[in-house]
Each structure stands twice: as C-alpha cells, then as structure tokens.
Amino acid sequence: DVGNKEALSRRFFLIFQYEPPAGKRSSGESYADIYGMIQTAVQNAKTYFMQCGNAIVQPEDEDAFTAEVLYMFFNRSSCVNEPFQSRVERVVVDTMQAKGKIIGLDAVPHIRPANFIAPRGIDFSHYNFVVMDGMYYSVMHIRRNGFPHTVRGGWMSSLINAGEGVDIDVHLRRENRGKTLDKVAQRIRLNRTKLRGMQDTSTDYEELTGSIQSGYYIKSANNNEDLFYMSVFITISARTYEELLWRRGQMTDLLKSMDMYINECNFQQEAALRSVMPFLCIDPNIEKKAQRNILTSGAASTYMFTSFEMSDDSGVLLGINRHNNSLCVVDLFNTRVNKNANVTLLGTSGAGKTFTLQCVGGRLRQQGKRVIYIIPKKGHEFRPRCEQLGGLYLRMSPSSPDCPNIMAIRRKSLDTYAGLKGLASRDDSVLADKISRLIIWYSLQKRDLSDEDRNYLDTSLVECYRRYGITFDNTSVLNEDGRFCEMPVLADWYDVLQSSADTKHLAVVLARYVTGSASAMGSRNEID
C-alpha cells in the first residue's frame, strides 16, 4: 500500500547504438560483427558502472526481457492488472480461435510481435498531449539554448527525483573528433569577422562573444575529450488531463529554478513520442531544437545514479526515503552490504522509535526468524504485540515470578564455537564455569570480597550441587533420558552457608532472595 501510494520506483535503461569504425561503412559489416561490437560496448559500460558502485541487472532471457519492457512502455496502465505473460497467453488463445485451430493439437500460427506489445488504443488527435492505453502523455524537451553556462555535478538527479509520472530521456550522439576541430575553427573565424563590424551595443554582440569563447574552450579541451550532442526529453504522464497539466506546470517551475528552459512539442506529439521510445530514433526537426553540444566532462555531469537507495530483497520495510521517495527496505543481516547487523534509532520523544522496533520485530517474525527484545525500560509497551504473536513476555523484577533460576545449568557444552563450525567439542566442566559466574554475581551484591571468602563460596557451591548429584563430570548434569536433572536454588545455597559458622556471615546477602522481598528470584522457575 505504501509502495503504490507514496513510494517512487525507478528503472534505468542504457541503450547502445552501433557505431561503425572510422573509415568503414555500416553496410560492409556483418550482423555478427555488429553484434560483437555492441556487446563489447555493453561489457565496457558494465565494468565502469561496477567501478562506480552500480550493479547491472542481467536478465536470463534478453529477448523476453526486451519484449516485456516494450509491453510495459506502451501499456503502462494495463500492465498493472495484466502481466506480460498473461497478455502473451491471451493473444495466442485468441489467434488460435480466430484461425479455427485446436489448442493443444495444432501448431501455433505465426503472430507478429507487435500484437504482443501494442497498446490498447492510441490517440494523436490533440496538439499538446497523446492518449495511450488510457494514460495521458506530454513530451517536452530542454531548449538548445535553455541550459545554463555551467551545471553542478549530478544535476540530473533533481529531474530523476522529481516525482511519479516524470520520465527523463537523455540522448548522447558522439561527433567525429577530426571534423569537429575543423568546424569549430571555421566557426571561430567566422564569428570574429562578424564581431569586427559590430558595435558592443548590438543585441547579438554578447551572443557572438560567448560563442567565440566556447569555441576556444572546445578547441583547448578536444585533445582529451570527445564532443557530443545531447538532447534531454521530459515525458509527463498522468491518468487525467488536469493532473497532466498540473505535473507539467510543476516540472516547468522546477527547471526554471535550475535556470533551464523547455519547449513543449505542440503539434509534434507523435514525433516526440517516437523520439522517446527505446529505439534511439529521434525526429530530426525536434533534435535540431533540443541538441546542445557538450564535451565528455559535460556528459559526465548527467550521471544520474547519485541518490542512494536501501532496498534488499529479503529486508524489512522501514518507510520512505525522504531524499528520493524510494522504499527503504533493509536486511540488517545482509553481510554483503552491511558490516554487521547493529543499528541505532534516534528520535525525539513520541517520534516512533518504539513503534519502529515493534514493526521490525514483527516482520522478522513473519520471516520465520527468532526475535528477542531486552528492554531495561518501558517493556510494558511491547507486551500487547508480544502476546498477539504468541510470544513469551518475561518481566525481570524482584516481585515477578518470571525470573529464571540463576543456579540452573542450561548449556551442555562451553564450546559453542564447535557447534557452529562442526568441530570436535571439548569436555570443559560446565559446573566449574557455573560456579565462577555465580561468584561474580555474588561479588556484585557484596563488594570487596576477600580471598578467604571467595574460597568459602566456591566450597559451598560445590557442596550445594553435590547434594543434587552434580559433579564436575558433565554427564552428571543430565538424566538418563537426556534432559537436565533437577537444579538447586538460592535457598539451597543459603542453607549450605548457614550450616557453618565460618560462612554464616556470607549467607546474609542471600537472605533477601530466600525470605525477603526478592524471594521470587530464588525460586525454581522452569521457563521455556
């Protein structure tokens, strides 16, 4: 629901056209040679994009992928309810029935590819828009003199992130370097001749001066850079004519704020639509009005993959990216992207930190993952959600019966790394480890324990576990059925300390957990 109403989805397509080598005609090349050169260009582009941190999606079947892209281009409204495969099956069934063929017995007759991708109706009768598949389209282009003298790097991202219903097409056509230098030098000489016979008050004086400066700039940089002719087309789409006009006005204002000016392709919408189709067939009349000459550095400034997106296939939806309106779907456990699964949530009081944590936990639970919350404060806010999902809500408090038995041994082996890596497990004593941890816990209750007191505590714990048949042999922890045997509680340890005059002063610390207000923590609670 969020994806349909608020999020902005983007797909980028790079389309390459075959360029014949210098000195050769395209007619002299075979199809295999042309295909090989285009594939080389594609592989080079992939390599450079990988170096920039961009991954290229590689389809399994390129023909099917291309057909589906064309189908979605011409049927932007219908493709939502009828996927491409459903369209193919319907066209095949209709063709078989029209030709009197029996499905499953007769061979499928030849069907023109256009029947699979053609839109359900197209209307060119209006001067300022086109209706295709029930959607309204209007094509505009940035004027050849509508660009500012300089642009910032990544300026194209403002157009890419403009919003839903805005498609950007950038056409780059490379010119021959040798011919370019000759034309530039000729144009400089011609403009200087015009400038000599012109007064500085003339309206064309500044334009000629700028043209001469640009010519010298191209000559000085052309040794290392190529010259391109760039055309930028903007396609506005909407479901209603009023919405189309509103989006077109908003886009015009955005470009004006960037010191860019556009032309609407009035009475040329059909030619403009053909120009933005993914076939690299720009109408010459429109290209003449839209093309702007730039160098390689200027072409690089159109790099549009500058807005970072966090979208993992197996992630959890967190919300909308405020910078580009994309869905923020994060998989914290994806080590290929994240160094670790740690995350920090910051926000003012009431901003939704607790709610976000509950959403993340609930969605991880839907993925079949085990979720454990440890909440020092405000744990009660998680209780309704925990019980709705069938979870276990434990409240660690002196008055709560949920406190687990602190003296229970719950691990079969200390060597947890062996279980993870499939190594041979070690037989380190689990009782020795438990006694060490209990003495540390006791030292938190009574500070500055002497070495003599620590020895008394160690001896008392060994005796306490011995009364339950538990020794330093790990097999004594388990019953014959493989389950853990009954474990002592703090009251048993308290009785052992009380039984000797040398340790009676140590039993005072445990009195609170045996007969005092925290007696719930000293009971034998078996929690799953």
# chains A, B, ... in the order shown; residues from 1 in each chain; ligands from 1

$ residues_around --residues "Pro398 in chain A" --least-positions-apart "2" --cutoff "9 Å" --atoms "only C-alpha atoms" --output "number ranges by chain"
A: 396, 400-401, 403, 513, 517-521

$ write_last_selection --atoms "C-alpha atoms" --output "compact mmCIF listing (two decimals), in the first residue's frame"
# COMPACT_ATOMS: atom_id res chain seq x y z
CA MET A 396 12.61 -9.35 35.33
CA SER A 400 7.96 -11.16 39.30
CA PRO A 401 7.69 -14.96 39.16
CA CYS A 403 12.80 -14.70 36.91
CA TYR A 513 16.41 -13.75 47.76
CA SER A 517 11.20 -9.14 49.07
CA ALA A 518 13.13 -10.72 46.17
CA SER A 519 12.22 -14.31 47.05
CA ALA A 520 10.65 -14.74 43.59
CA MET A 521 14.16 -14.63 42.11

$ residues_around --residues "range 271-274 of chain A" --least-positions-apart "6" --cutoff "7 Å" --atoms "only C-alpha atoms" --output "JSON, numbers by chain"
{"A": [139, 265, 281, 282, 283]}

$ write_last_selection --atoms "C-alpha atoms" --output "short mmCIF file (atom, residue, chain, number, x, y, z; two decimals), in the first residue's frame"
data_model
loop_
_atom_site.label_atom_id
_atom_site.label_comp_id
_atom_site.auth_asym_id
_atom_site.auth_seq_id
_atom_site.Cartn_x
_atom_site.Cartn_y
_atom_site.Cartn_z
CA VAL A 139 6.60 15.30 -24.20
CA CYS A 265 6.27 19.76 -28.53
CA CYS A 281 15.09 7.23 -33.40
CA ILE A 282 14.91 10.95 -32.69
CA ASP A 283 12.92 13.11 -35.03
#

$ select_by_dssp --residues "range 296-519 of chain A" --states "helix (DSSP H, G or I)" --output "PyMOL selection string"
chain A and resi 296-300+353-366+379-388+416-421+430-445+451-466+474-477+490-498+504-514+519

$ residues_around --residues "range 46-52 of chain A" --least-positions-apart "4" --cutoff "12 Å" --atoms "only C-alpha atoms" --output "ChimeraX atom specification"
/A:14,39-42,56-58,303-306

$ closest_atom_pairs --of "range 102-209 of chain A" --to "range 226-247 of chain A" --cutoff "6 Å" --atoms "only C-alpha atoms" --output "tab-separated table"
residue	atom	partner	partner_atom	distance
A:Met135	CA	A:Arg239	CA	5.0
A:Tyr136	CA	A:Ala238	CA	5.3
A:Tyr137	CA	A:Ser237	CA	4.5
A:Ser138	CA	A:Ile236	CA	5.2
A:Val139	CA	A:Thr235	CA	4.5
A:Met140	CA	A:Ile234	CA	5.1
A:His141	CA	A:Phe233	CA	4.3
A:Ile142	CA	A:Val232	CA	5.9
A:Gly165	CA	A:Ser237	CA	4.8
A:Val166	CA	A:Ile236	CA	4.9
A:Asp167	CA	A:Thr235	CA	5.0
A:Ile168	CA	A:Ile234	CA	4.9
A:Asp169	CA	A:Phe233	CA	5.0
A:Val170	CA	A:Val232	CA	4.7
A:His171	CA	A:Ser231	CA	5.1
A:Leu172	CA	A:Met230	CA	4.7
A:Arg173	CA	A:Tyr229	CA	5.2
A:Arg174	CA	A:Phe228	CA	4.4
A:Glu175	CA	A:Leu227	CA	5.7

$ residues_around --residues "Met260 in chain A" --least-positions-apart "3" --cutoff "7 Å" --atoms "only C-alpha atoms" --output "list in words"
Gly146, Phe147, Pro148, Leu255 and Lys256 of chain A

$ atom_distance --atom1 "CA of Gly469 in chain A" --atom2 "CA of Ala507 in chain A"
22.5 Å

$ atom_distance --atom1 "CA of Cys79 in chain A" --atom2 "CA of Asn266 in chain A"
28.1 Å

$ closest_residue --among "A:Ala290, A:Leu327, A:Val130, A:Leu457" --to "Arg144 in chain A" --atoms "only C-alpha atoms"
A:Ala290

$ closest_residue --among "A:Ile372, A:Ala45, A:Ile409, A:Leu497" --to "Arg483 in chain A" --atoms "only C-alpha atoms"
A:Ile409

$ atom_distance --atom1 "CA of Asp458 in chain A" --atom2 "CA of Ser476 in chain A"
18.7 Å

$ select_by_dssp --residues "range 267-384 of chain A" --states "strand (DSSP E)" --output "VMD selection string"
chain A and resid 292 to 295 316 to 320 327 to 330

$ closest_residue --among "A:Leu190, A:Ile470, A:Met258, A:Gly153" --to "Ser429 in chain A" --atoms "only C-alpha atoms"
A:Ile470

$ residues_around --residues "Thr503 in chain A" --least-positions-apart "2" --cutoff "10 Å" --atoms "only C-alpha atoms" --output "PDB file with C-alpha atoms, in the first residue's frame"
ATOM      1  CA  ASP A 453      35.517 -15.554  51.414  1.00  0.00           C
ATOM      2  CA  TYR A 456      34.331 -20.378  51.156  1.00  0.00           C
ATOM      3  CA  LEU A 457      31.837 -19.510  48.387  1.00  0.00           C
ATOM      4  CA  SER A 460      29.785 -24.093  49.433  1.00  0.00           C
ATOM      5  CA  TYR A 494      21.643 -20.309  51.641  1.00  0.00           C
ATOM      6  CA  VAL A 496      24.768 -24.610  52.984  1.00  0.00           C
ATOM      7  CA  LEU A 497      26.191 -21.237  54.028  1.00  0.00           C
ATOM      8  CA  GLN A 498      24.069 -21.203  57.197  1.00  0.00           C
ATOM      9  CA  SER A 499      25.257 -24.644  58.241  1.00  0.00           C
ATOM     10  CA  SER A 500      28.800 -23.439  59.011  1.00  0.00           C
ATOM     11  CA  ALA A 501      29.907 -20.740  61.411  1.00  0.00           C
ATOM     12  CA  HIS A 505      28.093 -14.080  57.524  1.00  0.00           C
ATOM     13  CA  LEU A 506      28.067 -14.771  53.791  1.00  0.00           C
ATOM     14  CA  ALA A 507      24.514 -16.113  53.919  1.00  0.00           C
ATOM     15  CA  VAL A 508      23.166 -12.699  54.913  1.00  0.00           C
TER      16      VAL A 508
END

$ residues_around --residues "Ile374 in chain A" --least-positions-apart "6" --cutoff "12 Å" --atoms "only C-alpha atoms" --output "ChimeraX atom specification"
/A:357,380,382,393-396

$ closest_residue --among "A:Ile122, A:Leu159, A:Met407, A:Val276" --to "Ile15 in chain A" --atoms "only C-alpha atoms"
A:Val276

$ residues_around --residues "Asn325 in chain A" --least-positions-apart "4" --cutoff "10 Å" --atoms "only C-alpha atoms" --output "ChimeraX atom specification"
/A:3,6-9,161-164,309,319-321

$ write_last_selection --atoms "all heavy atoms" --output "PDB file, in the first residue's frame"
ATOM      1  N   GLY A   3       3.939   1.363  -1.095  1.00  0.00           N
ATOM      2  CA  GLY A   3       4.626   1.396  -2.381  1.00  0.00           C
ATOM      3  C   GLY A   3       3.758   1.970  -3.483  1.00  0.00           C
ATOM      4  O   GLY A   3       4.246   2.671  -4.365  1.00  0.00           O
ATOM      5  N   GLU A   6       2.878   6.119  -2.052  1.00  0.00           N
ATOM      6  CA  GLU A   6       3.872   7.119  -1.679  1.00  0.00           C
ATOM      7  C   GLU A   6       5.233   6.894  -2.330  1.00  0.00           C
ATOM      8  O   GLU A   6       5.926   7.844  -2.658  1.00  0.00           O
ATOM      9  CB  GLU A   6       4.045   7.139  -0.150  1.00  0.00           C
ATOM     10  CG  GLU A   6       2.773   7.491   0.603  1.00  0.00           C
ATOM     11  CD  GLU A   6       3.028   7.543   2.099  1.00  0.00           C
ATOM     12  OE1 GLU A   6       4.066   8.073   2.499  1.00  0.00           O
ATOM     13  OE2 GLU A   6       2.192   7.036   2.859  1.00  0.00           O
ATOM     14  N   ALA A   7       5.617   5.637  -2.489  1.00  0.00           N
ATOM     15  CA  ALA A   7       6.978   5.378  -2.944  1.00  0.00           C
ATOM     16  C   ALA A   7       7.124   5.664  -4.427  1.00  0.00           C
ATOM     17  O   ALA A   7       6.160   5.635  -5.187  1.00  0.00           O
ATOM     18  CB  ALA A   7       7.365   3.928  -2.650  1.00  0.00           C
ATOM     19  N   LEU A   8       8.345   5.941  -4.822  1.00  0.00           N
ATOM     20  CA  LEU A   8       8.678   6.228  -6.213  1.00  0.00           C
ATOM     21  C   LEU A   8       9.628   5.156  -6.718  1.00  0.00           C
ATOM     22  O   LEU A   8      10.696   4.954  -6.153  1.00  0.00           O
ATOM     23  CB  LEU A   8       9.324   7.610  -6.329  1.00  0.00           C
ATOM     24  CG  LEU A   8       9.626   8.108  -7.741  1.00  0.00           C
ATOM     25  CD1 LEU A   8       8.342   8.255  -8.524  1.00  0.00           C
ATOM     26  CD2 LEU A   8      10.357   9.432  -7.685  1.00  0.00           C
ATOM     27  N   SER A   9       9.204   4.450  -7.757  1.00  0.00           N
ATOM     28  CA  SER A   9      10.030   3.390  -8.327  1.00  0.00           C
ATOM     29  C   SER A   9      10.750   3.917  -9.554  1.00  0.00           C
ATOM     30  O   SER A   9      10.203   4.692 -10.323  1.00  0.00           O
ATOM     31  CB  SER A   9       9.175   2.174  -8.710  1.00  0.00           C
ATOM     32  OG  SER A   9       8.487   1.686  -7.583  1.00  0.00           O
ATOM     33  N   ASN A 161      14.471  12.589  -9.518  1.00  0.00           N
ATOM     34  CA  ASN A 161      13.702  12.511  -8.274  1.00  0.00           C
ATOM     35  C   ASN A 161      12.527  13.476  -8.258  1.00  0.00           C
ATOM     36  O   ASN A 161      12.007  13.803  -7.192  1.00  0.00           O
ATOM     37  CB  ASN A 161      14.617  12.800  -7.077  1.00  0.00           C
ATOM     38  CG  ASN A 161      15.736  11.793  -6.959  1.00  0.00           C
ATOM     39  OD1 ASN A 161      15.554  10.628  -7.293  1.00  0.00           O
ATOM     40  ND2 ASN A 161      16.890  12.232  -6.486  1.00  0.00           N
ATOM     41  N   ALA A 162      12.105  13.969  -9.439  1.00  0.00           N
ATOM     42  CA  ALA A 162      11.024  14.964  -9.486  1.00  0.00           C
ATOM     43  C   ALA A 162       9.709  14.407  -8.981  1.00  0.00           C
ATOM     44  O   ALA A 162       8.899  15.126  -8.415  1.00  0.00           O
ATOM     45  CB  ALA A 162      10.869  15.495 -10.912  1.00  0.00           C
ATOM     46  N   GLY A 163       9.456  13.118  -9.182  1.00  0.00           N
ATOM     47  CA  GLY A 163       8.206  12.541  -8.702  1.00  0.00           C
ATOM     48  C   GLY A 163       7.655  11.533  -9.679  1.00  0.00           C
ATOM     49  O   GLY A 163       8.216  11.280 -10.759  1.00  0.00           O
ATOM     50  N   GLU A 164       6.533  10.950  -9.303  1.00  0.00           N
ATOM     51  CA  GLU A 164       5.896   9.942 -10.152  1.00  0.00           C
ATOM     52  C   GLU A 164       5.331  10.602 -11.403  1.00  0.00           C
ATOM     53  O   GLU A 164       4.863  11.740 -11.382  1.00  0.00           O
ATOM     54  CB  GLU A 164       4.777   9.256  -9.361  1.00  0.00           C
ATOM     55  CG  GLU A 164       4.181   8.056 -10.065  1.00  0.00           C
ATOM     56  CD  GLU A 164       5.167   6.913 -10.212  1.00  0.00           C
ATOM     57  OE1 GLU A 164       6.110   6.823  -9.411  1.00  0.00           O
ATOM     58  OE2 GLU A 164       4.990   6.114 -11.151  1.00  0.00           O
ATOM     59  N   GLU A 309      19.856   4.361  -2.512  1.00  0.00           N
ATOM     60  CA  GLU A 309      18.653   3.626  -2.143  1.00  0.00           C
ATOM     61  C   GLU A 309      19.031   2.414  -1.309  1.00  0.00           C
ATOM     62  O   GLU A 309      20.042   1.767  -1.570  1.00  0.00           O
ATOM     63  CB  GLU A 309      17.881   3.166  -3.387  1.00  0.00           C
ATOM     64  CG  GLU A 309      17.218   4.296  -4.147  1.00  0.00           C
ATOM     65  CD  GLU A 309      16.301   3.784  -5.243  1.00  0.00           C
ATOM     66  OE1 GLU A 309      16.243   2.557  -5.427  1.00  0.00           O
ATOM     67  OE2 GLU A 309      15.653   4.601  -5.898  1.00  0.00           O
ATOM     68  N   GLY A 319      10.162   2.321   5.817  1.00  0.00           N
ATOM     69  CA  GLY A 319       9.403   3.518   5.483  1.00  0.00           C
ATOM     70  C   GLY A 319       9.845   4.081   4.150  1.00  0.00           C
ATOM     71  O   GLY A 319      10.315   3.352   3.276  1.00  0.00           O
ATOM     72  N   ILE A 320       9.736   5.395   4.007  1.00  0.00           N
ATOM     73  CA  ILE A 320      10.036   6.093   2.763  1.00  0.00           C
ATOM     74  C   ILE A 320      11.323   6.891   2.938  1.00  0.00           C
ATOM     75  O   ILE A 320      11.508   7.576   3.941  1.00  0.00           O
ATOM     76  CB  ILE A 320       8.878   7.043   2.373  1.00  0.00           C
ATOM     77  CG1 ILE A 320       7.587   6.246   2.159  1.00  0.00           C
ATOM     78  CG2 ILE A 320       9.224   7.822   1.116  1.00  0.00           C
ATOM     79  CD1 ILE A 320       7.636   5.307   0.985  1.00  0.00           C
ATOM     80  N   ASN A 321      12.212   6.782   1.957  1.00  0.00           N
ATOM     81  CA  ASN A 321      13.423   7.593   1.930  1.00  0.00           C
ATOM     82  C   ASN A 321      13.038   9.046   1.650  1.00  0.00           C
ATOM     83  O   ASN A 321      12.477   9.357   0.600  1.00  0.00           O
ATOM     84  CB  ASN A 321      14.364   7.063   0.835  1.00  0.00           C
ATOM     85  CG  ASN A 321      15.735   7.700   0.902  1.00  0.00           C
ATOM     86  OD1 ASN A 321      15.886   8.813   1.408  1.00  0.00           O
ATOM     87  ND2 ASN A 321      16.732   7.007   0.392  1.00  0.00           N
TER      88      ASN A 321
END

$ closest_residue --among "A:Gln291, A:Asn75, A:Ser314, A:Asn128" --to "Arg248 in chain A" --atoms "only C-alpha atoms"
A:Asn128

$ closest_residue --among "A:Phe308, A:Phe279, A:Phe472, A:Phe267" --to "Phe16 in chain A" --atoms "only C-alpha atoms"
A:Phe279
